[in-house]
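Participant: Below you will find the structure I want to go over with you.
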Amino acid sequence: MNIRSLRIGVVGARRHVQGIGQYLAGHLAACGAEVRGIVGTSPATIETAQRTLKSQYGLQVRGYHDLAQMIEAERLEAVAICSPYRFHPTHLQTALALRQHVLCEKPLVFQSDRDNVADARQWVADFQRAGRVLMVNLQWPYTLPAFDRCYPNLRRERLVQRLEMLLAPVQDGIRMIPDAVPHVASLMLALAPEEGQVKNIQCTPAKPGRLDFTWQYAHAQGVLDVRICLVQVPQQPRPAAYAINDCTAMRRIDLPTYQMYLQPVGPRPSDLAGQPEPNDPIGPQALPLEDPLRLLAADFISRVRTGRNSTQENARLVQNVRIVQAIYQAAERVLSPR
């Protein structure tokens with residue numbers, strides 16, 4: 001299939017609080033896909049999304065209230081599901097029934113009262129059986145080449161033994177977990193085998209608007225110690241950083257161009273928590289970082305074009321959900337003891 005023939009629609013193309021639909025639509029179009037339509041909840045939200053897509057990306061798309069109607073009317077081949085995760089099962093079912101490739105917002109599935117691992121395993125199996133690509137918006141592994149340029153040979157010379165990450169989701173309390181932990185899990189699984197097991201989860205509510213977690217990820221080659229700090233920061237740009245074996249890189253964003261950089265810094269990610277992104281000039285050590293969402297969009301299109309739907313990549317999707325569920329359940333025991 002010619003890459004430019006990929007006809008795709010977006011569910012949830014309006015940016016509300018933190019939605020990525022409009023950005024993903026722009027990146028998919030820039031990578032060669034033909035964005036044909038969007039699904040919204042009301043005429044007003046559809047009109048807002050259409051106006052934004054036209055003014056910012058030059059995209060003229062038709063609007064729909066129903067996913068199945070959009071797929072059939074536009075003769076789509078793929079769908080980007082950027083709706084809140086509580087709607088994912090409904091949208092996944094429609095997309096699968098109409099044989100669509102899917103790029104889904106994270107987490108793939110999450111409901112606190114369900115076995116999310118069983119649900120994720122079923123979705124992955126169903127899409128694989130149908131010969132359709134299922135990907136999730138897990139961007140951070142796409143930053144690893146830039147990290148390796150910040151710290152050459154670090155990952156080549158030593159097994160990754162420690163991973164620490166700072167993220168600043170919009171949500172607060174336990175709701176930060178399904179919002180942010182999928183990103184941490186995806187980075188962890190890019191650094192260690194996906195067959196490992198999470199052990200010794202510790203949750204610490206440090207202060208209002210902040211949660212700290214530690215755990216160990218035991219795998220065939222050893223143990224990876226993980227520490228994450230989640231801090232609610234409503235304004236953009238929100239701080240984000242990670243450290244591999246105690247070497248820290250902070251994501252920097254130059255507004256209004258939104259050019260991204262990775263900058264080596266001395267403090268651990270948790271020591272940067274609660275601080276907005278620094279206002280000081282981006283230093284000469286900072287390396288340009290291609291937007292990982294764009295890289296993910298290009299990878300999705302490539303996977304659809306080549307029919308790449310590997311067992312390993314699908315296993316990581318299930319393992320990601322497993323980790324999110326384990327962290328959430330550990331947090332529940334601390335934050336909502338019965």
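Naming scheme: A, B, ... for chains in displayed order of the structure tokens; residues 1 onward per chain; ligands 1 onward as shown.
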Could you name the residues that touch A:Glu157 at 12 Å or less, counting only C-alpha atoms, but leaving out those on the same chain fewer than 4 positions away, as a PyMOL selection string?

Facilitator: chain A and resi 148+151-153+161+245

Participant: Can you write out the residues you just picked, keeping N, CA and C atoms, as a compact mmCIF listing (two decimals), in the first residue's frame?

Facilitator:
```txt
# COMPACT_ATOMS: atom_id res chain seq x y z
N ASP A 148 20.83 8.76 24.30
CA ASP A 148 22.12 8.12 24.03
C ASP A 148 23.12 9.12 23.48
N TYR A 151 24.40 10.95 26.60
CA TYR A 151 25.30 10.12 27.40
C TYR A 151 25.80 8.95 26.54
N PRO A 152 26.74 9.23 25.65
CA PRO A 152 27.22 8.17 24.74
C PRO A 152 27.79 6.98 25.50
N ASN A 153 27.46 5.81 25.00
CA ASN A 153 27.98 4.53 25.50
C ASN A 153 27.44 4.11 26.86
N GLN A 161 20.38 -0.63 35.41
CA GLN A 161 20.02 -1.10 36.75
C GLN A 161 19.05 -0.16 37.47
N ASN A 245 20.57 4.83 35.12
CA ASN A 245 21.81 4.65 35.90
C ASN A 245 22.34 5.98 36.44
```

Participant: Show which residues sit within 10 Å of A:Gln56, as an MDAnalysis selection string. Count only C-alpha atoms, and ignore same-chain residues fewer than 3 positions away.

Facilitator: chainID A and resid 22:23 26 51:53 59

Participant: Which residues, written as JSON, numbers by chain, have at least one atom at most 10 Å from stretch 5-10 of chain A, with only C-alpha atoms counted and residues fewer than 4 positions away on the same chain left out?

Facilitator: {"A": [1, 14, 21, 22, 24, 25, 28, 29, 32, 33, 34, 35, 36, 37, 38, 39, 40, 61, 62, 63, 67, 70, 71, 74, 75, 76, 77, 78, 79, 80, 81, 82, 83, 100, 101, 102, 103, 104, 301, 304, 305]}

Participant: Can you spit out the residues from that selection as a PDB file, in the first residue's frame, using C-alpha atoms?

Facilitator:
```
ATOM      1  CA  MET A   1       0.000   0.000   0.000  1.00  0.00           C
ATOM      2  CA  ARG A  14     -10.324  18.738  19.943  1.00  0.00           C
ATOM      3  CA  GLY A  21      -6.026  14.478  18.955  1.00  0.00           C
ATOM      4  CA  GLN A  22      -5.287  17.670  17.066  1.00  0.00           C
ATOM      5  CA  LEU A  24      -1.709  13.567  16.290  1.00  0.00           C
ATOM      6  CA  ALA A  25      -3.860  14.505  13.295  1.00  0.00           C
ATOM      7  CA  LEU A  28      -0.201  11.822  10.758  1.00  0.00           C
ATOM      8  CA  ALA A  29      -0.867  14.202   7.873  1.00  0.00           C
ATOM      9  CA  GLY A  32       1.852  11.186   4.606  1.00  0.00           C
ATOM     10  CA  ALA A  33      -1.526   9.901   5.786  1.00  0.00           C
ATOM     11  CA  GLU A  34      -4.771  11.366   4.494  1.00  0.00           C
ATOM     12  CA  VAL A  35      -6.767  12.581   7.491  1.00  0.00           C
ATOM     13  CA  ARG A  36     -10.339  12.423   6.204  1.00  0.00           C
ATOM     14  CA  GLY A  37     -12.672  12.915   9.174  1.00  0.00           C
ATOM     15  CA  ILE A  38     -13.099  13.457  12.890  1.00  0.00           C
ATOM     16  CA  VAL A  39     -15.618  12.270  15.482  1.00  0.00           C
ATOM     17  CA  GLY A  40     -16.830  14.704  18.135  1.00  0.00           C
ATOM     18  CA  VAL A  61     -11.917  17.285   7.460  1.00  0.00           C
ATOM     19  CA  ARG A  62     -15.545  16.256   7.686  1.00  0.00           C
ATOM     20  CA  GLY A  63     -17.137  15.899  11.086  1.00  0.00           C
ATOM     21  CA  LEU A  67     -17.380   6.355  14.520  1.00  0.00           C
ATOM     22  CA  MET A  70     -17.221   8.027   9.652  1.00  0.00           C
ATOM     23  CA  ILE A  71     -15.387   4.797   8.827  1.00  0.00           C
ATOM     24  CA  GLU A  74     -14.840   7.993   4.350  1.00  0.00           C
ATOM     25  CA  ARG A  75     -13.807   4.434   3.442  1.00  0.00           C
ATOM     26  CA  LEU A  76     -11.149   4.541   6.144  1.00  0.00           C
ATOM     27  CA  GLU A  77      -8.349   2.084   6.736  1.00  0.00           C
ATOM     28  CA  ALA A  78      -7.205   3.334  10.136  1.00  0.00           C
ATOM     29  CA  VAL A  79      -8.476   5.197  13.179  1.00  0.00           C
ATOM     30  CA  ALA A  80      -6.686   7.231  15.837  1.00  0.00           C
ATOM     31  CA  ILE A  81      -8.628   6.855  19.100  1.00  0.00           C
ATOM     32  CA  CYS A  82      -7.873   9.930  21.198  1.00  0.00           C
ATOM     33  CA  SER A  83     -10.946   9.796  23.415  1.00  0.00           C
ATOM     34  CA  GLN A 100      -9.458  -0.789  11.016  1.00  0.00           C
ATOM     35  CA  HIS A 101      -5.857  -0.398  12.063  1.00  0.00           C
ATOM     36  CA  VAL A 102      -5.812   1.529  15.354  1.00  0.00           C
ATOM     37  CA  LEU A 103      -3.514   3.977  17.087  1.00  0.00           C
ATOM     38  CA  CYS A 104      -4.997   4.398  20.574  1.00  0.00           C
ATOM     39  CA  ILE A 301       2.050   4.409   9.341  1.00  0.00           C
ATOM     40  CA  VAL A 304       0.410  -0.433   8.659  1.00  0.00           C
ATOM     41  CA  ARG A 305       2.180  -0.171   5.324  1.00  0.00           C
TER      42      ARG A 305
END
```

Participant: Do you have the atom CA of A:Pro281-atom CA of A:Leu167 distance handy?

Facilitator: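 Atom CA of A:Leu167 lies at a distance of 21.3 Å from atom CA of A:Pro281.
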
Participant: Would you mind telling me which residue in A:Tyr142, A:Asn137, A:Val321, A:Cys229 lies nearest to A:Ser112 when using only C-alpha atoms?

Facilitator: A:Val321

Participant: Return as a CSV table (one decimal) with C-alpha atoms, in the first residue's frame the full set of residues in stretch 48-240 of chain A whose backbone-based DSSP assignment is helix (DSSP H, G or I).

Facilitator:
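Below is the file selection-v1.csv, written as the result:
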```csv
chain,number,residue,atom,x,y,z
A,48,THR,CA,-13.9,23.8,17.0
A,49,ALA,CA,-11.8,20.9,16.0
A,50,GLN,CA,-12.3,21.5,12.3
A,51,ARG,CA,-11.4,25.2,12.7
A,52,THR,CA,-8.2,24.3,14.6
A,53,LEU,CA,-7.1,21.6,12.2
A,54,LYS,CA,-7.6,24.0,9.2
A,55,SER,CA,-5.9,27.0,10.8
A,56,GLN,CA,-2.9,25.1,12.3
A,57,TYR,CA,-2.3,22.2,9.9
A,67,LEU,CA,-17.4,6.4,14.5
A,68,ALA,CA,-18.9,3.6,12.4
A,69,GLN,CA,-20.6,6.2,10.2
A,70,MET,CA,-17.2,8.0,9.7
A,71,ILE,CA,-15.4,4.8,8.8
A,72,GLU,CA,-18.0,3.8,6.2
A,73,ALA,CA,-18.5,7.2,4.7
A,74,GLU,CA,-14.8,8.0,4.4
A,85,TYR,CA,-9.8,5.9,28.2
A,86,ARG,CA,-13.3,5.0,29.6
A,87,PHE,CA,-14.5,5.1,26.0
A,88,HIS,CA,-11.7,3.0,24.5
A,89,PRO,CA,-13.5,-0.4,24.6
A,90,THR,CA,-16.5,1.0,22.7
A,91,HIS,CA,-14.3,2.6,20.0
A,92,LEU,CA,-12.0,-0.4,19.8
A,93,GLN,CA,-14.9,-2.7,19.2
A,94,THR,CA,-16.3,-0.5,16.4
A,95,ALA,CA,-12.9,-0.2,14.8
A,96,LEU,CA,-12.2,-3.9,15.0
A,97,ALA,CA,-15.6,-4.8,13.6
A,116,ASN,CA,-7.5,-4.9,32.7
A,117,VAL,CA,-4.8,-7.4,31.8
A,118,ALA,CA,-7.4,-9.9,30.6
A,119,ASP,CA,-9.1,-7.2,28.6
A,120,ALA,CA,-5.8,-6.0,27.0
A,121,ARG,CA,-4.8,-9.5,26.2
A,122,GLN,CA,-8.1,-10.1,24.4
A,123,TRP,CA,-7.9,-6.9,22.4
A,124,VAL,CA,-4.4,-7.6,21.4
A,125,ALA,CA,-5.3,-11.1,20.3
A,126,ASP,CA,-8.4,-10.0,18.4
A,127,PHE,CA,-6.5,-7.4,16.4
A,128,GLN,CA,-3.6,-9.7,15.7
A,129,ARG,CA,-6.1,-12.4,14.6
A,140,TRP,CA,9.0,8.1,25.6
A,141,PRO,CA,10.9,5.2,24.1
A,142,TYR,CA,11.3,7.3,20.9
A,143,THR,CA,13.5,9.7,23.0
A,144,LEU,CA,16.1,7.1,23.8
A,145,PRO,CA,18.3,7.9,20.7
A,146,ALA,CA,18.5,11.5,21.9
A,147,PHE,CA,19.3,10.3,25.4
A,148,ASP,CA,22.1,8.1,24.0
A,149,ARG,CA,23.6,11.2,22.3
A,150,CYS,CA,23.5,13.0,25.7
A,154,LEU,CA,26.1,4.6,28.8
A,155,ARG,CA,23.7,1.9,27.8
A,156,ARG,CA,26.2,-0.1,25.9
A,157,GLU,CA,28.7,-0.4,28.7
A,173,GLY,CA,-4.3,11.9,43.2
A,174,ILE,CA,-4.7,8.4,42.1
A,175,ARG,CA,-6.0,9.5,38.7
A,176,MET,CA,-2.4,10.4,37.8
A,177,ILE,CA,-1.6,6.7,37.5
A,178,PRO,CA,-3.5,5.7,34.4
A,179,ASP,CA,-2.5,9.1,32.9
A,180,ALA,CA,1.3,8.9,33.5
A,181,VAL,CA,2.4,5.4,34.5
A,182,PRO,CA,1.9,3.9,30.9
A,183,HIS,CA,4.7,6.2,29.8
A,184,VAL,CA,7.0,5.1,32.6
A,185,ALA,CA,6.2,1.4,31.9
A,186,SER,CA,6.9,1.8,28.2
A,187,LEU,CA,10.3,3.3,28.9
A,188,MET,CA,11.1,0.6,31.4
A,189,LEU,CA,10.1,-2.1,28.9
A,190,ALA,CA,12.3,-0.5,26.2
A,191,LEU,CA,15.2,-0.9,28.6
```

Participant: So what do you get for atom CA of A:Leu134 versus atom CA of A:Arg114, distance-wise?

Facilitator: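 Computing the Euclidean distance for atom CA of A:Leu134 and atom CA of A:Arg114 yields 21.0 Å.
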
Participant: Could you name the residues that touch stretch 246-249 of chain A at 12 Å or less, counting only C-alpha atoms, but leaving out those on the same chain fewer than 3 positions away, as a ChimeraX atom specification?

Facilitator: /A:143-144,146-155,160-166,225-227,239-243,252,261-272,285-287,289

Participant: Now that the selection is made, can you save its residues with C-alpha atoms as a compact mmCIF listing (two decimals), in the first residue's frame?

Facilitator:
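The resulting file, part_11.txt, is shown below:
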```txt
# COMPACT_ATOMS: atom_id res chain seq x y z
CA THR A 143 13.47 9.75 22.99
CA LEU A 144 16.11 7.12 23.76
CA ALA A 146 18.54 11.49 21.90
CA PHE A 147 19.33 10.30 25.44
CA ASP A 148 22.12 8.12 24.03
CA ARG A 149 23.57 11.21 22.34
CA CYS A 150 23.48 13.01 25.71
CA TYR A 151 25.30 10.12 27.40
CA PRO A 152 27.22 8.17 24.74
CA ASN A 153 27.98 4.53 25.50
CA LEU A 154 26.13 4.58 28.83
CA ARG A 155 23.67 1.87 27.84
CA VAL A 160 20.45 -0.69 33.01
CA GLN A 161 20.02 -1.10 36.75
CA ARG A 162 18.16 2.10 37.70
CA LEU A 163 15.44 4.13 36.04
CA GLU A 164 13.97 7.26 37.57
CA MET A 165 11.34 9.46 35.95
CA LEU A 166 9.50 12.70 36.65
CA ASP A 225 15.11 -0.51 40.26
CA VAL A 226 12.45 2.01 39.26
CA ARG A 227 11.47 5.25 40.93
CA PRO A 239 8.43 19.44 33.63
CA ALA A 240 9.57 16.01 32.55
CA ALA A 241 12.86 14.20 33.03
CA TYR A 242 14.31 10.73 33.36
CA ALA A 243 17.54 9.19 34.55
CA ARG A 252 12.99 21.23 27.50
CA TYR A 261 15.34 19.36 23.50
CA LEU A 262 16.91 16.86 25.89
CA GLN A 263 19.30 18.56 28.27
CA PRO A 264 21.74 16.71 30.54
CA VAL A 265 21.33 17.98 34.10
CA GLY A 266 22.85 17.16 37.46
CA PRO A 267 19.81 16.79 39.75
CA ARG A 268 17.86 13.58 39.96
CA PRO A 269 14.39 13.74 38.38
CA SER A 270 12.69 13.64 41.79
CA ASP A 271 14.71 16.69 42.86
CA LEU A 272 13.19 18.61 39.96
CA GLN A 285 24.53 20.93 25.92
CA ALA A 286 20.84 20.50 25.09
CA LEU A 287 20.28 18.32 22.05
CA LEU A 289 14.68 16.24 20.17
```

Participant: Quote the spacing between atom CA of A:Pro292 and atom CA of A:Gln139 in Å to one decimal place.

Facilitator: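 Separation between atom CA of A:Pro292 and atom CA of A:Gln139: 5.4 Å.
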
Participant: Output as a ChimeraX atom specification all residues of stretch 140-187 of chain A that backbone DSSP marks as strand (DSSP E).

Facilitator: /A:162-167

Participant: Include all heavy atoms and write out the residues we just selected as a short mmCIF file (atom, residue, chain, number, x, y, z; two decimals), in the first residue's frame.

Facilitator:
```cif
data_model
loop_
_atom_site.label_atom_id
_atom_site.label_comp_id
_atom_site.auth_asym_id
_atom_site.auth_seq_id
_atom_site.Cartn_x
_atom_site.Cartn_y
_atom_site.Cartn_z
N ARG A 162 19.03 1.12 37.05
CA ARG A 162 18.16 2.10 37.70
C ARG A 162 17.50 2.98 36.66
O ARG A 162 18.15 3.44 35.72
CB ARG A 162 18.97 2.97 38.68
CG ARG A 162 19.45 2.23 39.91
CD ARG A 162 20.32 3.10 40.80
NE ARG A 162 21.52 3.57 40.10
CZ ARG A 162 22.59 2.82 39.90
NH1 ARG A 162 22.63 1.56 40.31
NH2 ARG A 162 23.63 3.30 39.26
N LEU A 163 16.21 3.20 36.86
CA LEU A 163 15.44 4.13 36.04
C LEU A 163 14.64 5.01 36.97
O LEU A 163 13.94 4.52 37.86
CB LEU A 163 14.49 3.36 35.10
CG LEU A 163 13.45 4.22 34.35
CD1 LEU A 163 14.14 5.17 33.37
CD2 LEU A 163 12.44 3.33 33.63
N GLU A 164 14.75 6.30 36.79
CA GLU A 164 13.97 7.26 37.57
C GLU A 164 13.32 8.23 36.60
O GLU A 164 13.94 8.65 35.62
CB GLU A 164 14.84 8.01 38.57
CG GLU A 164 14.05 8.95 39.46
CD GLU A 164 14.88 9.57 40.59
OE1 GLU A 164 15.96 9.02 40.89
OE2 GLU A 164 14.44 10.58 41.16
N MET A 165 12.07 8.60 36.88
CA MET A 165 11.34 9.46 35.95
C MET A 165 10.46 10.44 36.70
O MET A 165 9.85 10.12 37.72
CB MET A 165 10.50 8.62 34.99
CG MET A 165 9.97 9.38 33.79
SD MET A 165 9.33 8.28 32.49
CE MET A 165 9.17 9.46 31.14
N LEU A 166 10.40 11.65 36.18
CA LEU A 166 9.50 12.70 36.65
C LEU A 166 8.52 13.02 35.55
O LEU A 166 8.91 13.28 34.41
CB LEU A 166 10.29 13.96 37.01
CG LEU A 166 9.48 15.26 37.15
CD1 LEU A 166 8.59 15.21 38.38
CD2 LEU A 166 10.41 16.49 37.20
N LEU A 167 7.24 12.96 35.88
CA LEU A 167 6.19 13.38 34.95
C LEU A 167 5.20 14.27 35.71
O LEU A 167 5.03 14.14 36.92
CB LEU A 167 5.46 12.16 34.37
CG LEU A 167 6.25 11.32 33.35
CD1 LEU A 167 5.48 10.07 32.99
CD2 LEU A 167 6.58 12.13 32.10
#
```

Participant: Which of these residues is nearest to A:Val334, using only C-alpha atoms: A:Ala206, A:Val223, A:Leu295, A:Leu317?

Facilitator: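 That would be A:Ala206, the residue with the smallest distance to A:Val334.
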
Participant: So that I can check the surroundings of A:Tyr258, please list as a list in words every protein, DNA and RNA residue that reaches within 12 Å of it, counting only C-alpha atoms and ignoring chain neighbours fewer than 5 positions away.

Facilitator: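 My list of contacting residues is Tyr23, Gln236, Pro237, Arg251, Arg252, Ile253, Pro288, Leu289, Glu290 and Asp291 of chain A.
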
Participant: Taking into account only C-alpha atoms, which residue in the set A:Gly222, A:Gly209, A:Gly131, A:Pro256 is nearest to A:Thr311?

Facilitator: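 Comparing A:Gly222, A:Gly209, A:Gly131, A:Pro256 against A:Thr311, the winner is A:Gly131.
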
Participant: Please determine, counting only C-alpha atoms, which residue among A:His65, A:Arg99, A:Arg303, A:Arg158 has the shortest atom-to-atom distance to A:Ser42.

Facilitator: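 Nearest candidate to A:Ser42 out of A:His65, A:Arg99, A:Arg303, A:Arg158: A:His65.
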